[in-house]
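Raw my_file.cif, mmCIF, C-alpha atoms and all ligand atoms:
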```
data_target
loop_
_atom_site.label_atom_id
_atom_site.label_comp_id
_atom_site.auth_asym_id
_atom_site.auth_seq_id
_atom_site.Cartn_x
_atom_site.Cartn_y
_atom_site.Cartn_z
CA MET A 27 -15.71 24.50 -23.80
CA ASP A 28 -12.39 22.86 -23.16
CA LYS A 29 -11.33 19.36 -22.03
CA GLN A 30 -8.40 18.43 -19.84
CA ASN A 31 -7.07 15.12 -18.54
CA GLY A 32 -5.54 14.84 -15.11
CA LYS A 33 -5.32 13.02 -11.80
CA ILE A 34 -7.23 13.84 -8.63
CA VAL A 35 -4.67 14.72 -5.93
CA LYS A 36 -7.07 16.04 -3.31
CA GLY A 37 -10.78 15.87 -2.62
CA VAL A 38 -12.54 17.68 0.20
CA GLY A 39 -16.23 18.47 0.51
CA GLY A 40 -17.09 17.72 -3.12
CA LYS A 41 -14.25 19.88 -4.46
CA TYR A 42 -11.46 18.08 -6.23
CA THR A 43 -7.98 19.29 -7.07
CA VAL A 44 -6.92 17.80 -10.39
CA LEU A 45 -3.29 17.79 -11.44
CA CYS A 46 -3.22 18.12 -15.22
CA ALA A 47 -0.58 16.95 -17.65
CA ASP A 48 1.16 20.32 -17.83
CA GLY A 49 1.43 20.58 -14.03
CA VAL A 50 -1.52 22.94 -13.75
CA ARG A 51 -3.91 22.36 -10.84
CA ILE A 52 -7.60 22.80 -11.54
CA THR A 53 -10.33 22.76 -8.91
CA ALA A 54 -13.35 20.85 -10.17
CA ARG A 55 -16.68 19.51 -9.00
CA ALA A 56 -18.10 16.10 -9.79
CA ARG A 57 -20.73 15.74 -12.50
CA GLY A 58 -24.10 15.16 -10.78
CA ALA A 59 -24.71 11.96 -12.70
CA PHE A 60 -21.97 10.16 -10.77
CA ARG A 61 -24.29 10.04 -7.79
CA HIS A 62 -26.91 8.13 -9.80
CA GLU A 63 -24.24 5.80 -11.07
CA GLN A 64 -23.07 5.31 -7.47
CA ILE A 65 -19.51 6.24 -8.31
CA SER A 66 -17.63 8.81 -6.35
CA PRO A 67 -14.37 10.24 -7.60
CA GLU A 68 -11.44 9.32 -5.35
CA VAL A 69 -7.94 10.66 -4.88
CA GLY A 70 -5.75 8.90 -7.44
CA ASP A 71 -8.46 8.72 -10.10
CA ASP A 72 -7.51 9.61 -13.66
CA VAL A 73 -10.23 11.92 -14.89
CA THR A 74 -11.36 14.00 -17.83
CA LEU A 75 -12.47 17.53 -17.01
CA ARG A 76 -14.92 19.70 -18.88
CA ILE A 77 -14.10 23.39 -18.53
CA GLU A 78 -17.05 25.69 -19.18
CA GLU A 79 -16.87 29.12 -20.81
CA ASN A 80 -17.11 30.78 -17.37
CA GLY A 81 -14.14 28.75 -16.11
CA ASP A 82 -16.12 26.26 -14.00
CA ALA A 83 -14.62 22.78 -14.20
CA TYR A 84 -16.46 19.47 -13.90
CA ILE A 85 -15.19 15.92 -13.68
CA GLU A 86 -16.83 14.39 -16.71
CA SER A 87 -15.46 10.86 -16.65
CA ILE A 88 -13.35 8.63 -14.44
CA GLY A 89 -10.84 6.29 -16.04
CA GLN A 90 -10.88 2.56 -15.35
CA ARG A 91 -9.36 1.91 -11.93
CA LYS A 92 -6.49 -0.49 -11.41
CA ASN A 93 -7.42 -0.78 -7.73
CA LEU A 94 -9.36 1.02 -5.02
CA LEU A 95 -8.48 1.13 -1.34
CA ILE A 96 -11.20 1.75 1.22
CA ARG A 97 -8.95 3.22 3.90
CA PRO A 98 -7.12 5.34 3.13
CA PRO A 99 -9.60 6.09 0.35
CA MET A 100 -7.58 6.21 -2.84
CA ALA A 101 -7.45 4.71 -6.31
CA ASN A 102 -4.69 3.51 -8.61
CA LEU A 103 -1.92 2.96 -6.10
CA ASP A 104 1.25 1.59 -7.75
CA ILE A 105 3.70 1.09 -4.88
CA LEU A 106 3.08 0.47 -1.18
CA PHE A 107 6.02 0.78 1.20
CA ILE A 108 5.22 -1.69 3.96
CA THR A 109 7.18 -0.35 6.89
CA ALA A 110 7.82 -2.40 10.02
CA ALA A 111 10.28 -2.03 12.88
CA ALA A 112 12.94 -4.63 13.73
CA ALA A 113 11.84 -4.12 17.36
CA LYS A 114 9.67 -1.82 19.51
CA PRO A 115 7.14 -2.73 18.25
CA ALA A 116 8.16 -6.21 17.08
CA PRO A 117 6.96 -7.02 13.56
CA VAL A 118 4.06 -9.40 13.03
CA LEU A 119 4.99 -11.34 9.92
CA SER A 120 1.46 -12.55 9.21
CA THR A 121 0.32 -8.91 9.04
CA LEU A 122 3.10 -8.04 6.60
CA ASP A 123 2.27 -11.09 4.49
CA LYS A 124 -1.43 -10.27 4.46
CA LEU A 125 -0.78 -6.71 3.35
CA SER A 126 1.65 -7.82 0.65
CA ALA A 127 -0.92 -10.35 -0.64
CA ILE A 128 -3.51 -7.56 -0.89
CA CYS A 129 -0.98 -5.51 -2.84
CA VAL A 130 -0.03 -8.24 -5.28
CA HIS A 131 -3.68 -9.05 -5.89
CA GLY A 132 -4.42 -5.37 -6.56
CA GLY A 133 -1.46 -4.81 -8.88
CA ILE A 134 0.48 -2.81 -6.27
CA LEU A 135 4.21 -3.41 -5.80
CA PRO A 136 4.93 -4.06 -2.10
CA VAL A 137 8.29 -2.76 -0.91
CA PHE A 138 9.44 -3.69 2.59
CA VAL A 139 11.22 -1.15 4.77
CA ILE A 140 12.50 -2.44 8.11
CA THR A 141 13.13 0.47 10.47
CA LYS A 142 14.87 0.70 13.87
CA CYS A 143 17.45 -1.93 12.91
CA ASP A 144 19.84 -0.46 15.50
CA LEU A 145 17.61 -2.08 18.14
CA ASP A 146 18.02 -5.56 16.61
CA PRO A 147 20.46 -5.60 13.67
CA ASP A 148 20.33 -9.37 13.13
CA GLY A 149 16.55 -9.54 13.41
CA GLY A 150 16.10 -6.62 11.02
CA ALA A 151 18.50 -8.09 8.46
CA ARG A 152 16.74 -11.45 8.72
CA ILE A 153 13.33 -9.98 7.95
CA ALA A 154 14.68 -7.98 5.01
CA ALA A 155 16.42 -11.11 3.68
CA LEU A 156 13.22 -13.14 4.08
CA TYR A 157 11.28 -10.73 1.86
CA ARG A 158 14.09 -10.31 -0.65
CA LYS A 159 14.21 -14.09 -1.00
CA SER A 160 10.43 -14.05 -1.49
CA GLY A 161 10.88 -11.74 -4.47
CA PHE A 162 10.17 -8.30 -3.01
CA PRO A 163 12.42 -5.24 -2.75
CA ALA A 164 13.40 -4.82 0.91
CA PHE A 165 15.42 -2.18 2.76
CA THR A 166 16.81 -1.85 6.27
CA LEU A 167 17.24 1.43 8.15
CA ARG A 168 19.03 1.92 11.43
CA GLY A 169 19.14 4.87 13.75
CA LEU A 170 22.58 6.19 14.58
CA GLY A 171 24.26 7.47 17.71
CA GLU A 172 23.46 7.30 21.36
CA ASP A 173 20.39 9.39 20.93
CA ALA A 174 18.75 6.94 18.49
CA GLY A 175 15.15 6.90 19.56
CA GLY A 176 15.16 10.54 20.60
CA ALA A 177 13.27 13.31 18.89
CA ASP A 178 15.97 13.95 16.28
CA VAL A 179 17.02 10.42 15.46
CA SER A 180 19.36 10.27 12.46
CA ILE A 181 19.38 7.28 10.14
CA ASP A 182 22.39 5.59 8.52
CA PRO A 183 22.96 7.74 5.39
CA GLU A 184 24.08 4.78 3.28
CA GLU A 185 20.82 2.94 3.92
CA VAL A 186 18.79 6.08 3.31
CA GLY A 187 20.75 6.51 0.06
CA ALA A 188 19.74 3.01 -1.08
CA LEU A 189 16.08 3.76 -0.45
CA ARG A 190 16.39 7.16 -2.15
CA ALA A 191 17.96 5.49 -5.20
CA PHE A 192 15.01 3.10 -5.34
CA LEU A 193 12.59 6.03 -5.24
CA THR A 194 14.46 7.93 -7.93
CA ALA A 195 14.36 4.88 -10.19
CA ASN A 196 10.82 3.71 -9.48
CA LEU A 197 8.65 6.67 -8.50
CA PRO A 198 8.52 8.65 -11.78
CA GLY A 199 5.00 8.48 -13.17
CA LYS A 200 3.81 6.33 -10.25
CA THR A 201 1.73 6.80 -7.09
CA ALA A 202 3.12 5.49 -3.80
CA ALA A 203 2.02 5.32 -0.16
CA PHE A 204 3.59 4.26 3.12
CA ALA A 205 1.83 1.89 5.53
CA GLY A 206 3.07 1.10 9.00
CA ALA A 207 2.00 0.51 12.58
CA SER A 208 2.14 3.43 14.96
CA GLY A 209 5.58 4.05 16.45
CA ILE A 210 7.66 2.26 13.83
CA GLY A 211 9.29 5.51 12.74
CA LYS A 212 7.21 6.25 9.65
CA SER A 213 7.12 10.00 10.26
CA THR A 214 10.87 10.06 10.84
CA LEU A 215 11.35 8.25 7.54
CA LEU A 216 8.92 10.38 5.54
CA ASN A 217 10.48 13.58 6.86
CA LEU A 218 13.87 12.30 5.81
CA LEU A 219 12.83 11.17 2.34
CA PHE A 220 10.51 14.06 1.53
CA PRO A 221 11.58 17.16 3.45
CA THR A 222 9.02 19.32 1.67
CA LEU A 223 6.22 16.93 2.58
CA ALA A 224 7.29 17.24 6.22
CA LEU A 225 6.16 20.85 6.21
CA THR A 226 2.64 19.79 5.43
CA THR A 227 2.33 16.59 7.49
CA GLY A 228 2.83 18.72 10.57
CA SER A 229 3.06 18.00 14.24
CA ILE A 230 1.92 15.11 16.36
CA SER A 231 -0.94 17.19 17.69
CA GLU A 232 -2.13 17.72 14.13
CA LYS A 233 -1.95 13.97 13.54
CA ILE A 234 -4.04 13.35 16.64
CA GLU A 235 -6.47 16.00 15.50
CA ARG A 236 -6.80 14.31 12.12
CA GLY A 237 -7.29 10.98 13.84
CA ARG A 238 -10.35 12.33 15.60
CA HIS A 239 -12.14 13.20 12.43
CA THR A 240 -14.15 10.37 11.03
CA THR A 241 -13.80 11.47 7.42
CA ARG A 242 -10.09 11.71 7.01
CA HIS A 243 -8.82 12.42 3.55
CA VAL A 244 -5.65 11.70 1.65
CA GLU A 245 -3.65 14.09 -0.42
CA LEU A 246 -1.08 13.22 -3.09
CA PHE A 247 2.14 15.22 -3.23
CA GLU A 248 4.52 15.52 -6.12
CA ALA A 249 7.90 13.95 -5.31
CA ASP A 250 10.67 12.36 -7.37
CA GLY A 251 8.64 12.68 -10.57
CA GLY A 252 5.73 10.76 -9.05
CA LEU A 253 3.10 11.16 -6.36
CA VAL A 254 3.30 10.20 -2.70
CA ALA A 255 0.23 9.85 -0.50
CA ASP A 256 0.25 11.78 2.73
CA THR A 257 -1.17 9.15 5.08
CA PRO A 258 -0.23 10.01 8.67
CA GLY A 259 -3.12 9.15 10.91
CA PHE A 260 -3.89 6.01 8.94
CA SER A 261 -2.75 2.84 10.65
CA MET A 262 -1.44 -0.39 9.18
CA LEU A 263 -4.84 -1.90 9.91
CA ASP A 264 -6.61 0.78 7.89
CA PHE A 265 -4.77 -0.40 4.81
CA MET A 266 -6.13 -3.86 5.41
CA ARG A 267 -9.80 -2.90 5.46
CA PHE A 268 -10.83 -4.59 2.31
CA ASP A 269 -13.06 -7.21 0.82
CA PHE A 270 -10.41 -9.72 0.23
CA MET A 271 -9.84 -11.87 -2.82
CA LYS A 272 -11.36 -15.23 -3.65
CA VAL A 273 -9.64 -18.12 -1.96
CA GLY A 274 -8.72 -19.49 -5.40
CA ASP A 275 -6.67 -16.36 -6.12
CA LEU A 276 -4.63 -16.51 -2.92
CA ALA A 277 -1.70 -18.61 -4.17
CA ASP A 278 -1.16 -16.12 -7.02
CA ALA A 279 -0.82 -13.36 -4.42
CA PHE A 280 2.31 -15.15 -3.12
CA PRO A 281 4.82 -14.62 -5.94
CA ASP A 282 7.35 -16.81 -4.12
CA PHE A 283 5.04 -19.80 -4.78
CA ALA A 284 4.94 -19.14 -8.54
CA PRO A 285 7.75 -21.48 -9.64
CA TRP A 286 5.90 -24.42 -8.06
CA LEU A 287 2.29 -23.69 -8.98
CA GLY A 288 0.93 -26.21 -11.48
CA ARG A 289 3.43 -28.85 -10.37
CA CYS A 290 1.40 -30.42 -7.56
CA ARG A 291 0.12 -33.99 -7.87
CA TYR A 292 -3.51 -32.87 -7.76
CA THR A 293 -4.68 -30.12 -10.07
CA LYS A 294 -7.01 -28.80 -7.35
CA CYS A 295 -4.26 -28.80 -4.71
CA THR A 296 -4.89 -26.19 -2.01
CA HIS A 297 -1.17 -26.12 -1.06
CA LEU A 298 -2.10 -26.54 2.61
CA CYS A 299 -0.55 -29.96 3.22
CA GLU A 300 -1.68 -32.41 0.54
CA ASP A 301 0.47 -35.32 -0.59
CA GLY A 302 2.57 -34.40 -3.57
CA CYS A 303 2.13 -30.63 -3.07
CA ALA A 304 5.07 -28.98 -4.84
CA VAL A 305 4.66 -25.82 -2.74
CA CYS A 306 4.85 -27.74 0.56
CA GLU A 307 7.87 -29.67 -0.68
CA ALA A 308 9.59 -26.38 -1.54
CA VAL A 309 8.83 -25.20 2.02
CA ARG A 310 10.39 -28.39 3.42
CA ARG A 311 13.49 -27.88 1.28
CA GLY A 312 13.72 -24.28 2.52
CA GLU A 313 13.12 -22.81 -0.93
CA ILE A 314 9.96 -21.06 0.26
CA GLU A 315 10.15 -19.40 3.69
CA ARG A 316 8.11 -21.28 6.27
CA SER A 317 6.63 -18.08 7.74
CA ARG A 318 5.28 -17.18 4.29
CA HIS A 319 3.55 -20.54 3.98
CA ASP A 320 2.21 -20.26 7.56
CA SER A 321 0.64 -16.91 6.59
CA TYR A 322 -0.78 -18.46 3.42
CA VAL A 323 -2.45 -21.20 5.48
CA GLU A 324 -3.85 -18.63 7.92
CA LEU A 325 -5.25 -16.48 5.11
CA TYR A 326 -6.60 -19.51 3.27
CA ARG A 327 -8.66 -20.50 6.32
CA ILE A 328 -10.03 -16.96 6.71
CA LEU A 329 -10.97 -16.69 3.04
CA LYS A 330 -12.52 -20.12 2.86
CA ASP A 331 -15.01 -19.06 5.53
CA LYS A 332 -15.92 -15.89 3.69
CA LYS A 333 -18.56 -15.66 1.04
CA GLU A 334 -17.55 -14.84 -2.50
CA TRP A 335 -16.73 -11.19 -2.75
CA LYS A 336 -19.35 -9.10 -4.40
CA LYS A 337 -18.19 -5.52 -4.63
CA ASN A 338 -16.22 -5.62 -7.84
CA GLY A 339 -12.81 -4.07 -7.68
CA ARG A 340 -12.94 -3.01 -4.04
CA PHE A 341 -10.44 -4.61 -1.76
N1 LIG A 401 16.12 3.43 17.90
C1 LIG A 401 15.51 3.99 16.85
N2 LIG A 401 14.45 4.79 17.06
C2 LIG A 401 13.85 5.34 15.99
C3 LIG A 401 14.28 5.11 14.66
N3 LIG A 401 13.46 5.78 13.81
C4 LIG A 401 12.55 6.41 14.59
N4 LIG A 401 12.78 6.15 15.90
C5 LIG A 401 12.05 6.65 17.07
O1 LIG A 401 10.80 5.97 17.15
C6 LIG A 401 9.81 6.85 17.69
C7 LIG A 401 8.60 6.88 16.77
O2 LIG A 401 8.97 7.52 15.56
P1 LIG A 401 7.92 8.24 14.61
O3 LIG A 401 8.64 8.60 13.38
O4 LIG A 401 7.17 9.30 15.32
O5 LIG A 401 6.96 6.99 14.37
P2 LIG A 401 5.59 6.87 13.57
O6 LIG A 401 5.60 5.54 12.96
O7 LIG A 401 5.37 8.03 12.69
O8 LIG A 401 4.59 6.86 14.75
P3 LIG A 401 3.14 7.52 14.84
O9 LIG A 401 3.35 8.99 14.86
O10 LIG A 401 2.62 6.99 16.14
O11 LIG A 401 2.40 7.02 13.64
C8 LIG A 401 10.47 8.21 17.87
O12 LIG A 401 10.85 8.34 19.22
C9 LIG A 401 11.69 8.12 16.96
O13 LIG A 401 12.75 8.93 17.43
C10 LIG A 401 15.43 4.26 14.48
O14 LIG A 401 15.88 3.97 13.37
N5 LIG A 401 15.98 3.73 15.61
ZN ZN A 402 0.06 -27.78 -3.86
#
```
Can the structure in the file be given as structure tokens, please?
Amino acid sequence: MDKQNGKIVKGVGGKYTVLCADGVRITARARGAFRHEQISPEVGDDVTLRIEENGDAYIESIGQRKNLLIRPPMANLDILFITAAAAKPAPVLSTLDKLSAICVHGGILPVFVITKCDLDPDGGARIAALYRKSGFPAFTLRGLGEDAGGADVSIDPEEVGALRAFLTANLPGKTAAFAGASGIGKSTLLNLLFPTLALTTGSISEKIERGRHTTRHVELFEADGGLVADTPGFSMLDFMRFDFMKVGDLADAFPDFAPWLGRCRYTKCTHLCEDGCAVCEAVRRGEIERSRHDSYVELYRILKDKKEWKKNGRF
């Protein structure tokens, strides 16, 4: 009997593909006891395999999860590229802020990618600047030429180069995914960044086909020394299906508030609009972006109405 450690990169019908340290892929089944323990292995899980004499492999244990997304179903995500278009469709900042708060709370680095900047260069640059100022990496991409928006849109190579450099520096050893609303140019971007992945993501008809199935699955692909989730067919909203955090944790999910937390007049300040709130004063001085605080207030109200979350670790 042999043991191997690895990461689940694919799971379909109770069969899991586990990428092991030496790059070997082993197909394994889950140990029956997981069902009693009400745990199911997910893509992204770090696992220990038991290999029997006859070559059969079983997932024996699942490592502690850093986070667990419901849709797309995957564990231990490190980086989420939050992609939004400068126009067509126009970005909804509260949606971007909500998703980034989920990320920060779950230990995922949010990276903003603003596509279609040729349609509104100033607007695109403004959004990227807003998120950079709020402490997040942010990139702009603009289609080139008269045929921008056509089937073979090409993107400014300098901007693509900046994003590529970020991937080269940050992806090794990490797991990343891309979230974005339909039509923002996510497929165009993924095909450009990961040409080999493009072969497997396939055509629009395949995407539609996948969309019809209720049990869609995710697969992780090796790229730039890390893993990238193949998530076409999952919408921006899918990524936000979660049991959100406690209202008391919300301010910590806004890293741009950090310099002012603990400096309010009242120790139990909610940072909505109390007298002597250091966060609100920073908003008034323009040191925190107003749209970020507006989103905070919106989320605060939603969370306040929700009961304490129960399902540990799920968000
Ligand atoms: N003007 C402009 N159009 C772009 C750009 N990038 C992509 N597009 C166009 O936007 C449309 C949607 O692009 P896709 O890459 O299919 O978008 P998607 O986000 O994958 O959309 P779904 O397949 O619906 O999820 C296509 O017609 C692209 O040619 C860009 O930078 N500028
Ligand atoms: Zn305050």
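You will find atom CA of Thr214 of chain A at 11.5 Å from atom CA of Arg168 of chain A.
Closest approach to Val35 of chain A among A:Leu253, A:Ile328, A:Leu167, A:Ala205: A:Leu253, based on all atoms listed in the file.
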Hey, which residues sit close to ligand LIG 401 (chain A)? Say within 6 Å, counting all atoms listed in the file, and write them as a PDB file with C-alpha atoms, in the frame of the given file.
```pdb
ATOM      1  CA  THR A 141      13.130   0.470  10.470  1.00  0.00           C
ATOM      2  CA  LYS A 142      14.870   0.700  13.870  1.00  0.00           C
ATOM      3  CA  ASP A 144      19.840  -0.460  15.500  1.00  0.00           C
ATOM      4  CA  LEU A 145      17.610  -2.080  18.140  1.00  0.00           C
ATOM      5  CA  LEU A 167      17.240   1.430   8.150  1.00  0.00           C
ATOM      6  CA  ARG A 168      19.030   1.920  11.430  1.00  0.00           C
ATOM      7  CA  GLY A 169      19.140   4.870  13.750  1.00  0.00           C
ATOM      8  CA  ALA A 174      18.750   6.940  18.490  1.00  0.00           C
ATOM      9  CA  GLY A 175      15.150   6.900  19.560  1.00  0.00           C
ATOM     10  CA  GLY A 176      15.160  10.540  20.600  1.00  0.00           C
ATOM     11  CA  ALA A 177      13.270  13.310  18.890  1.00  0.00           C
ATOM     12  CA  VAL A 179      17.020  10.420  15.460  1.00  0.00           C
ATOM     13  CA  ILE A 181      19.380   7.280  10.140  1.00  0.00           C
ATOM     14  CA  SER A 208       2.140   3.430  14.960  1.00  0.00           C
ATOM     15  CA  GLY A 209       5.580   4.050  16.450  1.00  0.00           C
ATOM     16  CA  ILE A 210       7.660   2.260  13.830  1.00  0.00           C
ATOM     17  CA  GLY A 211       9.290   5.510  12.740  1.00  0.00           C
ATOM     18  CA  LYS A 212       7.210   6.250   9.650  1.00  0.00           C
ATOM     19  CA  SER A 213       7.120  10.000  10.260  1.00  0.00           C
ATOM     20  CA  THR A 214      10.870  10.060  10.840  1.00  0.00           C
TER      21      THR A 214
END
```
Shell of 6 Å around ligand ZN 402 (chain A) (all atoms listed in the file), written as JSON, numbers by chain: {"A": [290, 295, 296, 297, 303, 304, 305]}
Residues as selected, C-alpha atoms, written as a PDB file, keeping the file's coordinate frame, can you do that?
```pdb
ATOM      1  CA  CYS A 290       1.400 -30.420  -7.560  1.00  0.00           C
ATOM      2  CA  CYS A 295      -4.260 -28.800  -4.710  1.00  0.00           C
ATOM      3  CA  THR A 296      -4.890 -26.190  -2.010  1.00  0.00           C
ATOM      4  CA  HIS A 297      -1.170 -26.120  -1.060  1.00  0.00           C
ATOM      5  CA  CYS A 303       2.130 -30.630  -3.070  1.00  0.00           C
ATOM      6  CA  ALA A 304       5.070 -28.980  -4.840  1.00  0.00           C
ATOM      7  CA  VAL A 305       4.660 -25.820  -2.740  1.00  0.00           C
TER       8      VAL A 305
END
```
Expected answer as a PDB file with C-alpha atoms, keeping the file's coordinate frame: all residues with atoms within 9 Å of (-11.7, 15.7, -25.4), all atoms listed in the file:
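Contents of part01.pdb, freshly written:
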```pdb
ATOM      1  CA  ASP A  28     -12.390  22.860 -23.160  1.00  0.00           C
ATOM      2  CA  LYS A  29     -11.330  19.360 -22.030  1.00  0.00           C
ATOM      3  CA  GLN A  30      -8.400  18.430 -19.840  1.00  0.00           C
ATOM      4  CA  ASN A  31      -7.070  15.120 -18.540  1.00  0.00           C
ATOM      5  CA  THR A  74     -11.360  14.000 -17.830  1.00  0.00           C
ATOM      6  CA  LEU A  75     -12.470  17.530 -17.010  1.00  0.00           C
ATOM      7  CA  ARG A  76     -14.920  19.700 -18.880  1.00  0.00           C
TER       8      ARG A  76
END
```
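For the atom pair formed by atom CA of Gly206 of chain A and atom CA of Gly251 of chain A, the distance is 23.4 Å, given to one decimal.
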Near segment 193-199 of chain A, counting all atoms listed in the file, which residues have an atom at most 10 Å away, once you skip same-chain residues fewer than 5 positions from it, shown as a ChimeraX atom specification? /A:104-105,187-188,219,248-254
Taking all atoms listed in the file into account, which of A:Phe192, A:Asp182, A:Ser160, A:Leu215 comes nearest Phe283 of chain A? A:Ser160
Env of Ile34 of chain A: 6 Å cut, atoms = only C-alpha atoms, seq-sep filter 5 positions within chain, self excluded. Answer as an NGL selection string. :A and (43-44 or 69-71)
Excluding same-chain residues fewer than 6 positions from segment 56-58 of chain A, what lies within 9 Å of it counting all atoms listed in the file, as an mmCIF file with C-alpha atoms, in the frame of the given file?
```
data_model
loop_
_atom_site.group_PDB
_atom_site.id
_atom_site.type_symbol
_atom_site.label_atom_id
_atom_site.label_comp_id
_atom_site.auth_asym_id
_atom_site.auth_seq_id
_atom_site.Cartn_x
_atom_site.Cartn_y
_atom_site.Cartn_z
ATOM 1 C CA GLY A 40 -17.090 17.720 -3.120
ATOM 2 C CA LYS A 41 -14.250 19.880 -4.460
ATOM 3 C CA TYR A 42 -11.460 18.080 -6.230
ATOM 4 C CA SER A 66 -17.630 8.810 -6.350
ATOM 5 C CA PRO A 67 -14.370 10.240 -7.600
ATOM 6 C CA ALA A 83 -14.620 22.780 -14.200
ATOM 7 C CA TYR A 84 -16.460 19.470 -13.900
ATOM 8 C CA ILE A 85 -15.190 15.920 -13.680
ATOM 9 C CA GLU A 86 -16.830 14.390 -16.710
ATOM 10 C CA SER A 87 -15.460 10.860 -16.650
#
```
